[in-house]
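The data block below is input.pdb; it holds PDB, C-alpha atoms.
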```
ATOM      1  CA  MET A   1      52.298 -62.194   8.890  1.00  0.00           C
ATOM      2  CA  THR A   2      48.910 -63.206   7.504  1.00  0.00           C
ATOM      3  CA  SER A   3      46.515 -60.873   5.722  1.00  0.00           C
ATOM      4  CA  GLU A   4      44.383 -60.721   8.891  1.00  0.00           C
ATOM      5  CA  GLU A   5      47.300 -59.173  10.747  1.00  0.00           C
ATOM      6  CA  ARG A   6      47.684 -56.340   8.285  1.00  0.00           C
ATOM      7  CA  ILE A   7      46.174 -53.084   9.398  1.00  0.00           C
ATOM      8  CA  TYR A   8      43.809 -51.084   7.224  1.00  0.00           C
ATOM      9  CA  ARG A   9      41.883 -47.864   7.464  1.00  0.00           C
ATOM     10  CA  ILE A  10      38.410 -47.170   6.176  1.00  0.00           C
ATOM     11  CA  MET A  11      38.169 -43.967   4.173  1.00  0.00           C
ATOM     12  CA  ARG A  12      35.155 -41.967   2.996  1.00  0.00           C
ATOM     13  CA  PHE A  13      35.749 -40.744  -0.553  1.00  0.00           C
ATOM     14  CA  ARG A  14      33.668 -37.893  -2.003  1.00  0.00           C
ATOM     15  CA  SER A  15      33.134 -36.748  -5.567  1.00  0.00           C
ATOM     16  CA  ASN A  16      34.239 -33.228  -4.574  1.00  0.00           C
ATOM     17  CA  GLY A  17      37.761 -34.580  -3.924  1.00  0.00           C
ATOM     18  CA  LYS A  18      37.605 -34.488  -0.122  1.00  0.00           C
ATOM     19  CA  SER A  19      38.219 -37.695   1.800  1.00  0.00           C
ATOM     20  CA  THR A  20      38.316 -38.500   5.495  1.00  0.00           C
ATOM     21  CA  THR A  21      39.322 -41.457   7.631  1.00  0.00           C
ATOM     22  CA  VAL A  22      36.280 -43.183   9.121  1.00  0.00           C
ATOM     23  CA  LYS A  23      38.074 -45.881  11.125  1.00  0.00           C
ATOM     24  CA  ARG A  24      41.667 -47.033  11.689  1.00  0.00           C
ATOM     25  CA  ASN A  25      43.307 -50.298  12.768  1.00  0.00           C
ATOM     26  CA  VAL A  26      40.905 -52.771  11.170  1.00  0.00           C
ATOM     27  CA  THR A  27      41.665 -56.115   9.548  1.00  0.00           C
ATOM     28  CA  LEU A  28      41.124 -56.700   5.866  1.00  0.00           C
ATOM     29  CA  SER A  29      38.044 -58.842   6.491  1.00  0.00           C
ATOM     30  CA  ASP A  30      36.538 -56.163   8.770  1.00  0.00           C
ATOM     31  CA  ALA A  31      37.219 -53.462   6.175  1.00  0.00           C
ATOM     32  CA  LYS A  32      35.597 -55.523   3.412  1.00  0.00           C
ATOM     33  CA  ALA A  33      32.565 -56.280   5.587  1.00  0.00           C
ATOM     34  CA  HIS A  34      32.132 -52.583   6.391  1.00  0.00           C
ATOM     35  CA  CYS A  35      32.324 -51.514   2.746  1.00  0.00           C
ATOM     36  CA  LYS A  36      29.688 -54.071   1.670  1.00  0.00           C
ATOM     37  CA  LYS A  37      27.028 -52.464   3.878  1.00  0.00           C
ATOM     38  CA  GLU A  38      24.261 -50.560   2.109  1.00  0.00           C
ATOM     39  CA  SER A  39      24.869 -47.561   4.409  1.00  0.00           C
ATOM     40  CA  THR A  40      28.433 -46.991   3.149  1.00  0.00           C
ATOM     41  CA  HIS A  41      27.617 -45.090  -0.049  1.00  0.00           C
ATOM     42  CA  GLY A  42      25.198 -42.471  -1.211  1.00  0.00           C
ATOM     43  CA  VAL A  43      24.599 -38.872  -2.254  1.00  0.00           C
ATOM     44  CA  HIS A  44      24.369 -35.955   0.179  1.00  0.00           C
ATOM     45  CA  ALA A  45      23.838 -32.327  -0.868  1.00  0.00           C
ATOM     46  CA  GLY A  46      24.744 -33.228  -4.458  1.00  0.00           C
ATOM     47  CA  VAL A  47      28.024 -34.930  -3.463  1.00  0.00           C
ATOM     48  CA  THR A  48      28.384 -38.643  -4.196  1.00  0.00           C
ATOM     49  CA  TRP A  49      30.345 -40.562  -1.569  1.00  0.00           C
ATOM     50  CA  PHE A  50      31.437 -44.098  -0.739  1.00  0.00           C
ATOM     51  CA  ASP A  51      33.579 -45.870   1.849  1.00  0.00           C
ATOM     52  CA  GLY A  52      36.689 -47.748   0.761  1.00  0.00           C
ATOM     53  CA  TYR A  53      39.783 -49.043   2.508  1.00  0.00           C
ATOM     54  CA  SER A  54      43.540 -48.822   2.203  1.00  0.00           C
ATOM     55  CA  TYR A  55      46.503 -50.485   3.868  1.00  0.00           C
ATOM     56  CA  MET A  56      48.254 -48.470   6.578  1.00  0.00           C
ATOM     57  CA  PRO A  57      51.963 -49.102   5.858  1.00  0.00           C
ATOM     58  CA  GLY A  58      54.287 -49.259   8.826  1.00  0.00           C
ATOM     59  CA  CYS A  59      51.536 -49.998  11.355  1.00  0.00           C
ATOM     60  CA  ALA A  60      51.627 -52.977  13.652  1.00  0.00           C
ATOM     61  CA  PRO A  61      48.426 -54.757  14.642  1.00  0.00           C
ATOM     62  CA  LYS A  62      46.742 -53.142  17.616  1.00  0.00           C
ATOM     63  CA  GLU A  63      46.351 -55.430  20.606  1.00  0.00           C
ATOM     64  CA  TYR A  64      43.000 -55.230  22.323  1.00  0.00           C
ATOM     65  CA  GLY A  65      42.273 -56.130  25.910  1.00  0.00           C
ATOM     66  CA  THR A  66      45.787 -55.616  27.221  1.00  0.00           C
TER      67      THR A  66
END
```
Would you encode the structure as structure tokens?
Amino acid sequence: MTSEERIYRIMRFRSNGKSTTVKRNVTLSDAKAHCKKESTHGVHAGVTWFDGYSYMPGCAPKEYGT
């Protein structure tokens, strides 16, 4: 299994301790590309937030187009 086959999720982390899943079943390169975008961090209503990613253990790659 190569690193591109591993499945990740993109999370939105907030300074108030709340986090949510933004997107699931992405490759490592897709997750990194997402998190490099200027629109994936900021401050809203006094809460600082940013998007990060984590590995989803136990998940198999999702097959598209089948």
Residue neighbourhood Val26 of chain A, 7 Å, all atoms listed in the file, exclusion window fewer than 2 positions, as a ChimeraX atom specification: /A:7-9,24,28,30-31
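Interatomic distance, atom CA of Arg6 of chain A to atom CA of His41 of chain A: 24.5 Å.
Of note, atom CA of Ser29 of chain A and atom CA of Gly42 of chain A are spaced 22.2 Å apart.
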If I wrap all listed atoms of segment 46-59 of chain A in a box with edges along x, y and z and add 8 Å on each side, what are its centre and edge lengths in Å to one decimal, as JSON?
```
{"center_x": 39.5, "center_y": -41.9, "center_z": 3.4, "size_x": 45.5, "size_y": 33.3, "size_z": 31.8}
```
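Across the structure, atom CA of His44 of chain A and atom CA of Lys32 of chain A are spaced 22.8 Å apart.
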At a cut-off of 8 Å, using all atoms listed in the file, what residues contact Trp49 of chain A? Leave out same-chain residues fewer than 2 positions from it and give the result as number ranges by chain. A: 12-15, 41-44, 47, 51
Please provide as a list in words all residues within 6 Å of Ile10 of chain A, with the sequence filter that same-chain residues fewer than 4 positions apart are discarded (counting all atoms listed in the file). Thr21, Val22, Lys23, Gly52 and Tyr53 of chain A
I need the residues from that last selection saved to file as a short mmCIF file (atom, residue, chain, number, x, y, z; two decimals), in the frame of the given file (with C-alpha atoms), if you can.
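Saved file selection_0.cif follows:
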```
data_model
loop_
_atom_site.label_atom_id
_atom_site.label_comp_id
_atom_site.auth_asym_id
_atom_site.auth_seq_id
_atom_site.Cartn_x
_atom_site.Cartn_y
_atom_site.Cartn_z
CA THR A 21 39.32 -41.46 7.63
CA VAL A 22 36.28 -43.18 9.12
CA LYS A 23 38.07 -45.88 11.12
CA GLY A 52 36.69 -47.75 0.76
CA TYR A 53 39.78 -49.04 2.51
#
```
Residue among A:Ala33, A:Ser54, A:Asn25, A:Gly46 lying closest to Met11 of chain A, counting all atoms listed in the file: A:Ser54
